[in-house]
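Novice: Below you'll find the structure I mean.
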Amino acid sequence: MRDVQIERVETIIVDLPTIRPHHLSMAVMRKQTMVIVRLFCSDGIEGIGEATTIGGLSYGDESPEGMKLTIDTYIAPLLQGKSARSANALMSLLDHHIQGNYFVKSAIETALLDAQGKRIGVSVAHLLGGAVTKTLPVLWTLASGDTTKDIEEAHALLADGRHKAFKLKIGRKPPKEDIAHVAAIKEAVGADTVVTVDVNQAWSESVAKQGIAQLQLAGIDLIEQPIHKTNFDGLARLTRYFEVPIMADEAVATVSDAFKLAKVGGGSVFALKIAKAGGLVNIQKQAAIAQGAGISIYGGTMLEGTIGSVASAQVFSTLPTLDWGTELFGPLLLTDDIVKTRVRYGNGVMEIPQGPGLGIELELNQVEKYKRK
Ligand code: MUC
Ligand code: MG
């Protein structure tokens, strides 16, 4: 097999407006900022990846501007001139020289896998052992900040059939108001529509105990990250106490978090995200830990655009135990896109592009249009 080298790694910050403000406990998003990675190889193949977070530094500890700097200053020089074929070898090199920086590593691994898939004519899912599905269930997050608008949005989406389940974001307002908001939406969409609630760490354990009791009574199907991410024992206590499943999100970032949380029973569901985990291969390791511990999994998002969402979909499609479906709706929250062919959504699912690589390509005019100047 002819050797192929990495010639150059380029990063571009892209800002895309959202279709409406997206309210989370720690930030209100009006645009999404993505760091797009272009990895050029000596055989003319280009791999693409995406490093995206939520609300600057309010969700994770890597910012878009910092991620660009990390790749340009530390990662690109390490990769330049190296053999491009083995993502595992290159990720191991990065892990040896660069601590943490998981969001960035996920974008680089995505670009390496995309390039290798394009090179040998197979999808990224195929490189990861093969897909078990060509579609993934995708819920929608209602987070306009207004109960009436959320109900209208839910009814329109149910009528259209694009989504069949919803996630609600709370934690910005006093618990009483938040719970009334959730109960009103649940009643409006009906008992048969799955509704989950993400508190994004906003509650103390004692408040969570009261709040979850009421959410359970309102018929909510799953509670996501009610308390601070470092409180593993608290998550375990809530998981044991309530019938409604408790999902770990921020708490389960790395492979080692998954192991430690599984050991204490911190959550009956894990939300897996390629950015938190530091890449696609680590998602498969976390899924194996969850499977061994009898913990369900859910395909999470960092509200990435199309590249990050498709990269997530490629690895999620290899997991037979994705009981809770996914939330890979990121591209639908944005007013426009930077790829040639947009991903198709309908009937509650996302259609996964079928390779080679990620199965998508950058539309460079669009990248230029939304590139931060
Ligand atoms: C989160 O914490 O889950 C995922 C969907 C959404 O609306 O926000 C994100 C972040
Ligand atoms: Mg969450």
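Lettering and numbering for the structure tokens are positional, with chains as A, B, ... in the shown order, residues counted from 1 in each chain, and ligands counted from 1 in the shown order.
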Dump the neighbourhood of ligand 2 as a PyMOL selection string: all residues within 7 Å, distances computed on only C-alpha atoms and all ligand atoms.
Specialist: chain A and resi 198+200+224-225+249-250
Novice: Could you write those residues out with N, CA, C and O atoms, as a CSV table (one decimal), in the first residue's frame?
Specialist:
```csv
chain,number,residue,atom,x,y,z
A,198,ASP,N,-34.0,18.4,30.3
A,198,ASP,CA,-32.6,18.6,30.6
A,198,ASP,C,-32.4,19.8,31.5
A,198,ASP,O,-32.8,20.9,31.1
A,200,ASN,N,-29.5,20.7,32.8
A,200,ASN,CA,-28.1,21.2,32.6
A,200,ASN,C,-27.5,21.6,33.9
A,200,ASN,O,-27.0,22.8,34.0
A,224,GLU,N,-32.5,14.6,32.4
A,224,GLU,CA,-31.1,14.7,32.1
A,224,GLU,C,-30.3,15.6,33.0
A,224,GLU,O,-30.7,16.8,33.2
A,225,GLN,N,-29.2,15.2,33.4
A,225,GLN,CA,-28.2,16.0,34.2
A,225,GLN,C,-28.8,17.0,35.1
A,225,GLN,O,-28.6,18.2,34.9
A,249,ASP,N,-25.3,13.5,31.4
A,249,ASP,CA,-24.7,14.2,30.2
A,249,ASP,C,-23.4,14.8,30.5
A,249,ASP,O,-22.3,14.1,30.3
A,250,GLU,N,-23.4,16.0,31.1
A,250,GLU,CA,-22.1,16.6,31.4
A,250,GLU,C,-21.2,15.7,32.2
A,250,GLU,O,-19.9,15.8,32.1
```
Novice: Please identify all protein, DNA and RNA residues within 10 Å of ligand 1, counting only C-alpha atoms and all ligand atoms, and report them as JSON, numbers by chain.
Specialist: {"A": [22, 23, 24, 25, 26, 29, 53, 54, 59, 139, 140, 141, 142, 143, 166, 167, 168, 169, 197, 198, 199, 200, 201, 224, 225, 248, 249, 250, 271, 272, 273, 299, 300, 301, 302, 303, 304, 326, 327, 328, 329, 330, 333]}
Novice: Go through A:Ala288, A:Ala84, A:Ala183, A:Ile227 one by one, measure the shortest atom-to-atom distance of each to A:Val255 using only C-alpha atoms, and give the residue with the smallest value.
Specialist: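 Looking at the shortest contact to A:Val255, the residue is A:Ala288.
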Novice: Using only C-alpha atoms, which of A:Phe232, A:Thr335, A:Ala311, A:Thr341 sits nearest A:Ser123?
Specialist: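 So, comparing all the options, the nearest one is A:Ala311.
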Novice: Determine, counting only C-alpha atoms, which protein, DNA and RNA residues have an atom within 8 Å of an atom of stretch 30-47 of chain A; residues of the same chain fewer than 2 positions away are not included. Present the result as a tab-separated table (two decimals) with N, CA, C and O atoms, in the first residue's frame.
Specialist:
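New file selection06.tsv:
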```
chain	number	residue	atom	x	y	z
A	4	VAL	N	0.80	7.61	2.34
A	4	VAL	CA	0.18	8.92	2.10
A	4	VAL	C	0.46	9.79	3.31
A	4	VAL	O	0.29	9.33	4.44
A	5	GLN	N	0.89	11.02	3.06
A	5	GLN	CA	1.19	11.91	4.21
A	5	GLN	C	0.14	13.01	4.39
A	5	GLN	O	-0.52	13.39	3.42
A	6	ILE	N	0.09	13.48	5.62
A	6	ILE	CA	-0.73	14.68	5.88
A	6	ILE	C	0.12	15.88	5.48
A	6	ILE	O	1.25	16.04	5.97
A	7	GLU	N	-0.41	16.69	4.58
A	7	GLU	CA	0.37	17.84	4.12
A	7	GLU	C	0.09	19.10	4.93
A	7	GLU	O	0.98	19.86	5.24
A	8	ARG	N	-1.18	19.28	5.30
A	8	ARG	CA	-1.56	20.57	5.89
A	8	ARG	C	-2.89	20.43	6.61
A	8	ARG	O	-3.75	19.67	6.18
A	9	VAL	N	-3.02	21.16	7.72
A	9	VAL	CA	-4.31	21.18	8.42
A	9	VAL	C	-4.75	22.64	8.50
A	9	VAL	O	-3.99	23.50	8.95
A	10	GLU	N	-5.96	22.91	8.05
A	10	GLU	CA	-6.47	24.29	8.05
A	10	GLU	C	-7.69	24.37	8.96
A	10	GLU	O	-8.48	23.42	9.02
A	11	THR	N	-7.85	25.48	9.67
A	11	THR	CA	-9.05	25.65	10.51
A	11	THR	C	-9.75	26.94	10.14
A	11	THR	O	-9.11	27.94	9.84
A	12	ILE	N	-11.07	26.90	10.18
A	12	ILE	CA	-11.87	28.08	9.82
A	12	ILE	C	-12.98	28.21	10.87
A	12	ILE	O	-13.70	27.25	11.15
A	13	ILE	N	-13.13	29.41	11.42
A	13	ILE	CA	-14.27	29.65	12.34
A	13	ILE	C	-15.45	30.13	11.51
A	13	ILE	O	-15.35	31.07	10.73
A	14	VAL	N	-16.56	29.43	11.69
A	14	VAL	CA	-17.78	29.73	10.94
A	14	VAL	C	-18.89	30.07	11.94
A	14	VAL	O	-19.07	29.34	12.93
A	15	ASP	N	-19.60	31.16	11.72
A	15	ASP	CA	-20.74	31.53	12.57
A	15	ASP	C	-22.02	31.43	11.76
A	15	ASP	O	-22.17	32.12	10.76
A	16	LEU	N	-22.94	30.57	12.19
A	16	LEU	CA	-24.22	30.41	11.49
A	16	LEU	C	-25.36	30.82	12.43
A	16	LEU	O	-25.43	30.34	13.57
A	17	PRO	N	-26.27	31.68	11.97
A	17	PRO	CA	-27.40	32.07	12.83
A	17	PRO	C	-28.34	30.89	13.12
A	17	PRO	O	-28.49	30.00	12.27
A	18	THR	N	-28.98	30.92	14.30
A	18	THR	CA	-29.99	29.90	14.61
A	18	THR	C	-31.36	30.39	14.11
A	18	THR	O	-31.56	31.58	13.93
A	20	ARG	N	-34.09	30.45	15.72
A	20	ARG	CA	-34.70	31.20	16.82
A	20	ARG	C	-33.74	31.11	18.00
A	20	ARG	O	-32.86	30.25	18.00
A	21	PRO	N	-33.90	31.99	19.00
A	21	PRO	CA	-33.01	31.85	20.17
A	21	PRO	C	-33.20	30.48	20.82
A	21	PRO	O	-34.32	29.96	20.85
A	22	HIS	N	-32.11	29.87	21.28
A	22	HIS	CA	-32.16	28.55	21.92
A	22	HIS	C	-31.72	28.75	23.38
A	22	HIS	O	-30.57	29.07	23.64
A	28	VAL	N	-27.98	31.59	26.23
A	28	VAL	CA	-29.00	31.70	25.18
A	28	VAL	C	-28.25	31.83	23.86
A	28	VAL	O	-27.47	32.76	23.68
A	49	GLY	N	-13.60	17.92	9.49
A	49	GLY	CA	-14.07	17.66	10.86
A	49	GLY	C	-14.63	18.95	11.44
A	49	GLY	O	-14.49	20.02	10.84
A	50	GLU	N	-15.26	18.83	12.60
A	50	GLU	CA	-15.89	20.01	13.22
A	50	GLU	C	-15.69	19.98	14.73
A	50	GLU	O	-15.94	18.97	15.37
A	51	ALA	N	-15.24	21.11	15.27
A	51	ALA	CA	-15.14	21.27	16.74
A	51	ALA	C	-16.12	22.36	17.14
A	51	ALA	O	-15.97	23.51	16.73
A	52	THR	N	-17.13	21.98	17.88
A	52	THR	CA	-18.19	22.92	18.24
A	52	THR	C	-18.55	22.77	19.70
A	52	THR	O	-18.58	21.66	20.24
A	53	THR	N	-18.82	23.91	20.34
A	53	THR	CA	-19.29	23.88	21.71
A	53	THR	C	-20.56	24.72	21.81
A	53	THR	O	-21.08	25.17	20.77
A	54	ILE	N	-21.04	24.93	23.02
A	54	ILE	CA	-22.29	25.69	23.21
A	54	ILE	C	-21.99	26.92	24.06
A	54	ILE	O	-21.41	26.80	25.14
A	64	PRO	N	-14.40	28.20	20.99
A	64	PRO	CA	-14.11	28.11	19.55
A	64	PRO	C	-12.76	28.74	19.19
A	64	PRO	O	-11.96	28.15	18.46
A	67	MET	N	-9.99	26.62	20.44
A	67	MET	CA	-9.85	25.36	19.69
A	67	MET	C	-9.08	25.61	18.39
A	67	MET	O	-8.24	24.81	17.99
A	68	LYS	N	-9.37	26.73	17.75
A	68	LYS	CA	-8.65	27.06	16.52
A	68	LYS	C	-7.16	27.24	16.83
A	68	LYS	O	-6.29	26.70	16.14
A	84	ALA	N	-0.94	9.21	6.85
A	84	ALA	CA	-2.33	9.62	7.11
A	84	ALA	C	-3.30	8.46	7.34
A	84	ALA	O	-4.44	8.69	7.71
A	107	ALA	N	-12.66	16.56	16.51
A	107	ALA	CA	-12.68	17.14	15.15
A	107	ALA	C	-11.55	16.57	14.30
A	107	ALA	O	-11.74	16.27	13.11
A	108	ILE	N	-10.39	16.40	14.90
A	108	ILE	CA	-9.24	15.87	14.15
A	108	ILE	C	-9.48	14.40	13.78
A	108	ILE	O	-9.26	13.98	12.64
A	110	THR	N	-12.30	12.93	13.39
A	110	THR	CA	-13.32	12.93	12.34
A	110	THR	C	-12.69	13.15	10.98
A	110	THR	O	-12.97	12.42	10.02
A	111	ALA	N	-11.81	14.15	10.88
A	111	ALA	CA	-11.18	14.48	9.59
A	111	ALA	C	-10.28	13.32	9.12
A	111	ALA	O	-10.24	13.01	7.92
A	112	LEU	N	-9.59	12.69	10.06
A	112	LEU	CA	-8.72	11.55	9.69
A	112	LEU	C	-9.55	10.39	9.15
A	112	LEU	O	-9.21	9.76	8.14
A	113	LEU	N	-10.65	10.09	9.84
A	113	LEU	CA	-11.50	8.97	9.41
A	113	LEU	C	-12.21	9.29	8.09
A	113	LEU	O	-12.34	8.42	7.23
A	114	ASP	N	-12.61	10.56	7.95
A	114	ASP	CA	-13.28	10.97	6.70
A	114	ASP	C	-12.30	10.79	5.52
A	114	ASP	O	-12.67	10.23	4.48
A	115	ALA	N	-11.07	11.23	5.72
A	115	ALA	CA	-10.06	11.12	4.65
A	115	ALA	C	-9.81	9.65	4.30
A	115	ALA	O	-9.78	9.27	3.13
A	116	GLN	N	-9.63	8.82	5.32
A	116	GLN	CA	-9.32	7.41	5.07
A	116	GLN	C	-10.52	6.70	4.41
A	116	GLN	O	-10.33	5.88	3.50
A	118	LYS	N	-12.76	8.13	2.47
A	118	LYS	CA	-12.81	8.60	1.07
A	118	LYS	C	-11.72	7.92	0.25
A	118	LYS	O	-11.92	7.57	-0.91
A	119	ARG	N	-10.58	7.71	0.89
A	119	ARG	CA	-9.42	7.10	0.19
A	119	ARG	C	-9.74	5.67	-0.25
A	119	ARG	O	-9.43	5.26	-1.36
A	303	LEU	N	-24.81	20.39	19.68
A	303	LEU	CA	-25.46	21.28	18.71
A	303	LEU	C	-24.51	21.62	17.58
A	303	LEU	O	-24.41	22.78	17.14
A	304	GLU	N	-23.83	20.57	17.10
A	304	GLU	CA	-22.95	20.74	15.95
A	304	GLU	C	-23.77	20.99	14.69
A	304	GLU	O	-24.96	20.66	14.62
A	305	GLY	N	-23.10	21.52	13.68
A	305	GLY	CA	-23.70	21.63	12.35
A	305	GLY	C	-23.65	20.28	11.66
A	305	GLY	O	-23.54	19.23	12.32
A	334	LEU	N	-30.14	25.61	12.52
A	334	LEU	CA	-29.40	26.67	11.83
A	334	LEU	C	-30.14	27.12	10.58
A	334	LEU	O	-30.82	26.33	9.92
```
Novice: List the spatial neighbours of stretch 100-102 of chain A as an mmCIF file with N, CA, C and O atoms, in the first residue's frame - criterion: any atom at most 9 Å away, only C-alpha atoms, same-chain residues fewer than 4 positions off excluded.
Specialist:
```cif
data_model
loop_
_atom_site.group_PDB
_atom_site.id
_atom_site.type_symbol
_atom_site.label_atom_id
_atom_site.label_comp_id
_atom_site.auth_asym_id
_atom_site.auth_seq_id
_atom_site.Cartn_x
_atom_site.Cartn_y
_atom_site.Cartn_z
ATOM 1 N N ASP A 61 -15.041 23.365 28.566
ATOM 2 C CA ASP A 61 -13.882 24.207 28.875
ATOM 3 C C ASP A 61 -12.986 24.457 27.662
ATOM 4 O O ASP A 61 -11.826 24.828 27.814
ATOM 5 N N GLU A 62 -13.534 24.281 26.450
ATOM 6 C CA GLU A 62 -12.805 24.674 25.241
ATOM 7 C C GLU A 62 -13.685 25.683 24.485
ATOM 8 O O GLU A 62 -14.853 25.426 24.264
ATOM 9 N N MET A 67 -9.991 26.621 20.438
ATOM 10 C CA MET A 67 -9.849 25.359 19.687
ATOM 11 C C MET A 67 -9.085 25.607 18.389
ATOM 12 O O MET A 67 -8.235 24.814 17.986
ATOM 13 N N THR A 70 -5.464 26.007 19.332
ATOM 14 C CA THR A 70 -4.846 24.726 19.721
ATOM 15 C C THR A 70 -4.483 23.909 18.483
ATOM 16 O O THR A 70 -3.390 23.333 18.395
ATOM 17 N N ASP A 95 -2.633 12.101 21.905
ATOM 18 C CA ASP A 95 -2.853 11.884 23.344
ATOM 19 C C ASP A 95 -1.542 11.937 24.124
ATOM 20 O O ASP A 95 -1.511 12.356 25.278
ATOM 21 N N SER A 106 -11.739 15.345 18.852
ATOM 22 C CA SER A 106 -12.855 14.739 18.126
ATOM 23 C C SER A 106 -12.900 15.255 16.683
ATOM 24 O O SER A 106 -13.108 14.480 15.739
ATOM 25 N N ALA A 107 -12.660 16.558 16.506
ATOM 26 C CA ALA A 107 -12.681 17.142 15.154
ATOM 27 C C ALA A 107 -11.550 16.567 14.302
ATOM 28 O O ALA A 107 -11.739 16.269 13.110
ATOM 29 N N ALA A 253 -18.249 12.584 30.342
ATOM 30 C CA ALA A 253 -17.516 13.173 29.215
ATOM 31 C C ALA A 253 -16.549 12.147 28.632
ATOM 32 O O ALA A 253 -16.724 11.685 27.510
ATOM 33 N N THR A 254 -15.569 11.739 29.414
ATOM 34 C CA THR A 254 -14.506 10.866 28.890
ATOM 35 C C THR A 254 -14.836 9.385 29.104
ATOM 36 O O THR A 254 -15.788 9.044 29.804
ATOM 37 N N ILE A 274 -19.519 12.913 20.752
ATOM 38 C CA ILE A 274 -18.143 12.744 20.255
ATOM 39 C C ILE A 274 -17.220 13.839 20.790
ATOM 40 O O ILE A 274 -16.050 13.589 21.039
ATOM 41 N N ALA A 275 -17.760 15.050 20.972
ATOM 42 C CA ALA A 275 -16.919 16.153 21.445
ATOM 43 C C ALA A 275 -16.436 15.900 22.874
ATOM 44 O O ALA A 275 -15.252 16.040 23.174
ATOM 45 N N LYS A 276 -17.378 15.502 23.759
ATOM 46 C CA LYS A 276 -16.999 15.241 25.152
ATOM 47 C C LYS A 276 -16.000 14.092 25.238
ATOM 48 O O LYS A 276 -15.088 14.097 26.055
ATOM 49 N N ALA A 277 -16.208 13.086 24.407
ATOM 50 C CA ALA A 277 -15.423 11.840 24.497
ATOM 51 C C ALA A 277 -14.050 11.968 23.855
ATOM 52 O O ALA A 277 -13.176 11.133 24.083
ATOM 53 N N GLY A 278 -13.869 12.990 23.019
ATOM 54 C CA GLY A 278 -12.594 13.120 22.303
ATOM 55 C C GLY A 278 -12.549 12.272 21.048
ATOM 56 O O GLY A 278 -11.472 11.877 20.600
ATOM 57 N N GLY A 279 -13.726 11.966 20.502
ATOM 58 C CA GLY A 279 -13.725 11.285 19.206
ATOM 59 C C GLY A 279 -14.685 10.127 19.113
ATOM 60 O O GLY A 279 -15.367 9.752 20.072
#
```
Novice: Any idea what's packed within 12 Å of stretch 202-209 of chain A, counting only C-alpha atoms, ignoring anything in its chain fewer than 3 positions away? Could you give it as a PyMOL selection string?
Specialist: chain A and resi 24-27+169-176+178-179+198-199+212-216+223-242+244+246+250
Novice: Generate a file of the selected residues that holds N, CA and C atoms, formatted as a short mmCIF file (atom, residue, chain, number, x, y, z; two decimals), in the first residue's frame.
Specialist:
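Saved to again16.cif:
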```cif
data_model
loop_
_atom_site.label_atom_id
_atom_site.label_comp_id
_atom_site.auth_asym_id
_atom_site.auth_seq_id
_atom_site.Cartn_x
_atom_site.Cartn_y
_atom_site.Cartn_z
N LEU A 24 -30.79 27.68 27.05
CA LEU A 24 -30.29 26.62 27.93
C LEU A 24 -30.07 27.24 29.31
N SER A 25 -29.85 26.40 30.33
CA SER A 25 -29.71 26.98 31.68
C SER A 25 -28.52 27.93 31.76
N MET A 26 -27.48 27.68 30.96
CA MET A 26 -26.26 28.48 31.11
C MET A 26 -26.03 29.49 29.99
N ALA A 27 -26.85 29.50 28.96
CA ALA A 27 -26.62 30.41 27.83
C ALA A 27 -27.86 30.48 26.96
N LYS A 169 -35.60 22.21 27.76
CA LYS A 169 -34.45 22.71 28.52
C LYS A 169 -34.98 23.58 29.65
N ILE A 170 -34.58 23.25 30.87
CA ILE A 170 -34.98 24.09 32.01
C ILE A 170 -33.75 24.42 32.85
N GLY A 171 -33.98 25.16 33.95
CA GLY A 171 -32.87 25.49 34.85
C GLY A 171 -32.53 26.97 34.85
N ARG A 172 -33.14 27.77 33.95
CA ARG A 172 -32.88 29.21 33.95
C ARG A 172 -33.81 29.93 34.94
N LYS A 173 -35.00 29.37 35.13
CA LYS A 173 -36.02 30.03 35.95
C LYS A 173 -36.15 29.29 37.29
N PRO A 174 -36.88 29.85 38.26
CA PRO A 174 -37.11 29.12 39.51
C PRO A 174 -37.78 27.78 39.20
N PRO A 175 -37.46 26.72 39.97
CA PRO A 175 -37.99 25.39 39.69
C PRO A 175 -39.50 25.35 39.52
N LYS A 176 -40.24 26.12 40.34
CA LYS A 176 -41.70 26.10 40.25
C LYS A 176 -42.17 26.51 38.85
N ASP A 178 -40.34 26.54 36.06
CA ASP A 178 -39.86 25.55 35.09
C ASP A 178 -40.76 24.32 35.05
N ILE A 179 -41.19 23.87 36.21
CA ILE A 179 -42.01 22.66 36.26
C ILE A 179 -43.40 22.92 35.66
N ASP A 198 -34.02 18.41 30.26
CA ASP A 198 -32.60 18.60 30.56
C ASP A 198 -32.44 19.81 31.48
N VAL A 199 -31.91 19.56 32.68
CA VAL A 199 -31.74 20.64 33.66
C VAL A 199 -30.36 21.28 33.52
N ILE A 212 -37.70 16.58 40.56
CA ILE A 212 -37.88 15.36 39.75
C ILE A 212 -39.18 14.65 40.16
N ALA A 213 -39.49 14.70 41.46
CA ALA A 213 -40.75 14.06 41.92
C ALA A 213 -41.93 14.65 41.14
N GLN A 214 -41.90 15.97 40.96
CA GLN A 214 -43.02 16.62 40.24
C GLN A 214 -42.97 16.34 38.74
N LEU A 215 -41.78 16.30 38.19
CA LEU A 215 -41.65 16.01 36.75
C LEU A 215 -42.12 14.57 36.47
N GLN A 216 -41.79 13.68 37.41
CA GLN A 216 -42.22 12.28 37.27
C GLN A 216 -43.75 12.20 37.29
N ILE A 223 -35.01 12.29 32.82
CA ILE A 223 -34.46 13.54 33.37
C ILE A 223 -32.96 13.55 33.11
N GLU A 224 -32.50 14.61 32.45
CA GLU A 224 -31.09 14.69 32.06
C GLU A 224 -30.32 15.65 32.96
N GLN A 225 -29.20 15.20 33.45
CA GLN A 225 -28.21 15.97 34.21
C GLN A 225 -28.85 17.03 35.13
N PRO A 226 -29.59 16.57 36.15
CA PRO A 226 -30.25 17.55 37.03
C PRO A 226 -29.28 18.31 37.92
N ILE A 227 -28.17 17.67 38.28
CA ILE A 227 -27.26 18.28 39.28
C ILE A 227 -25.85 18.44 38.68
N HIS A 228 -24.96 19.06 39.48
CA HIS A 228 -23.63 19.37 38.95
C HIS A 228 -22.90 18.11 38.46
N LYS A 229 -22.15 18.31 37.40
CA LYS A 229 -21.49 17.16 36.74
C LYS A 229 -20.52 16.40 37.63
N THR A 230 -19.97 17.07 38.65
CA THR A 230 -18.98 16.38 39.51
C THR A 230 -19.64 15.53 40.59
N ASN A 231 -20.95 15.69 40.77
CA ASN A 231 -21.63 14.96 41.85
C ASN A 231 -22.10 13.58 41.38
N PHE A 232 -21.13 12.68 41.22
CA PHE A 232 -21.44 11.32 40.74
C PHE A 232 -22.31 10.57 41.75
N ASP A 233 -21.99 10.71 43.05
CA ASP A 233 -22.76 9.99 44.07
C ASP A 233 -24.19 10.49 44.11
N GLY A 234 -24.35 11.80 43.93
CA GLY A 234 -25.71 12.38 43.90
C GLY A 234 -26.52 11.81 42.75
N LEU A 235 -25.90 11.70 41.58
CA LEU A 235 -26.60 11.11 40.42
C LEU A 235 -27.01 9.68 40.74
N ALA A 236 -26.12 8.97 41.42
CA ALA A 236 -26.42 7.57 41.79
C ALA A 236 -27.60 7.52 42.77
N ARG A 237 -27.61 8.45 43.74
CA ARG A 237 -28.72 8.46 44.71
C ARG A 237 -30.04 8.76 43.99
N LEU A 238 -30.03 9.73 43.08
CA LEU A 238 -31.27 10.08 42.35
C LEU A 238 -31.71 8.91 41.46
N THR A 239 -30.75 8.23 40.84
CA THR A 239 -31.07 7.09 39.97
C THR A 239 -31.75 5.98 40.78
N ARG A 240 -31.23 5.74 41.99
CA ARG A 240 -31.81 4.68 42.83
C ARG A 240 -33.19 5.10 43.35
N TYR A 241 -33.35 6.39 43.63
CA TYR A 241 -34.57 6.87 44.30
C TYR A 241 -35.78 6.93 43.38
N PHE A 242 -35.54 7.34 42.11
CA PHE A 242 -36.68 7.58 41.22
C PHE A 242 -36.91 6.44 40.24
N VAL A 244 -38.41 7.27 37.24
CA VAL A 244 -38.09 7.91 35.96
C VAL A 244 -36.57 7.80 35.74
N ILE A 246 -32.79 8.50 34.99
CA ILE A 246 -31.92 9.68 35.13
C ILE A 246 -30.77 9.50 34.13
N GLU A 250 -23.37 15.99 31.10
CA GLU A 250 -22.09 16.64 31.37
C GLU A 250 -21.17 15.75 32.22
#
```
Novice: Within 10 Å of stretch 344-362 of chain A, which residues of stretch 218-337 of chain A show up? Give each one with its shortest atom-to-atom distance in Å (one decimal) and the two atoms involved, counting only C-alpha atoms, rows by chain then rising residue number, as a tab-separated table.
Specialist:
```
residue	atom	partner	partner_atom	distance
A:Thr306	CA	A:Ile360	CA	8.6
A:Ile307	CA	A:Ile360	CA	7.6
A:Gly308	CA	A:Leu358	CA	9.7
A:Ser309	CA	A:Ile352	CA	9.7
A:Val310	CA	A:Leu358	CA	6.5
A:Ala311	CA	A:Leu358	CA	6.3
A:Ser312	CA	A:Leu358	CA	9.8
A:Ala313	CA	A:Ile352	CA	6.6
A:Gln314	CA	A:Leu358	CA	7.2
A:Ser317	CA	A:Ile352	CA	8.3
A:Gly325	CA	A:Val349	CA	9.3
A:Thr326	CA	A:Val349	CA	9.1
A:Glu327	CA	A:Met350	CA	9.8
A:Leu328	CA	A:Met350	CA	7.9
A:Phe329	CA	A:Met350	CA	8.3
A:Pro331	CA	A:Tyr345	CA	10.0
A:Leu332	CA	A:Tyr345	CA	8.8
A:Asp337	CA	A:Leu362	CA	9.3
```
Novice: Among stretch 181-370 of chain A, which residues does DSSP mark as helix (DSSP H, G or I) when it is run on the backbone? Keep the chain and numbering as in the structure and answer as a VMD selection string.
Specialist: chain A and resid 181 to 189 205 to 217 232 to 241 255 to 264 274 to 277 280 to 293 306 to 316 330 to 333 364 to 370
Novice: From the options A:Thr321, A:Thr147, A:Gln286, A:Ser63, which residue's atoms come nearest to A:Val104, counting only C-alpha atoms?
Specialist: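 That would be A:Ser63, the residue with the smallest distance to A:Val104.
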Novice: So what do you get for atom CA of A:Leu222 versus atom CA of A:Tyr298, distance-wise?
Specialist: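 Answer for the atom CA of A:Leu222 to atom CA of A:Tyr298 separation: 11.2 Å.
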Novice: Could you tell me which of A:Leu322, A:Ala184, A:Gln366, A:Asp192 comes closest to A:Lys149 if we count only C-alpha atoms?
Specialist: A:Ala184
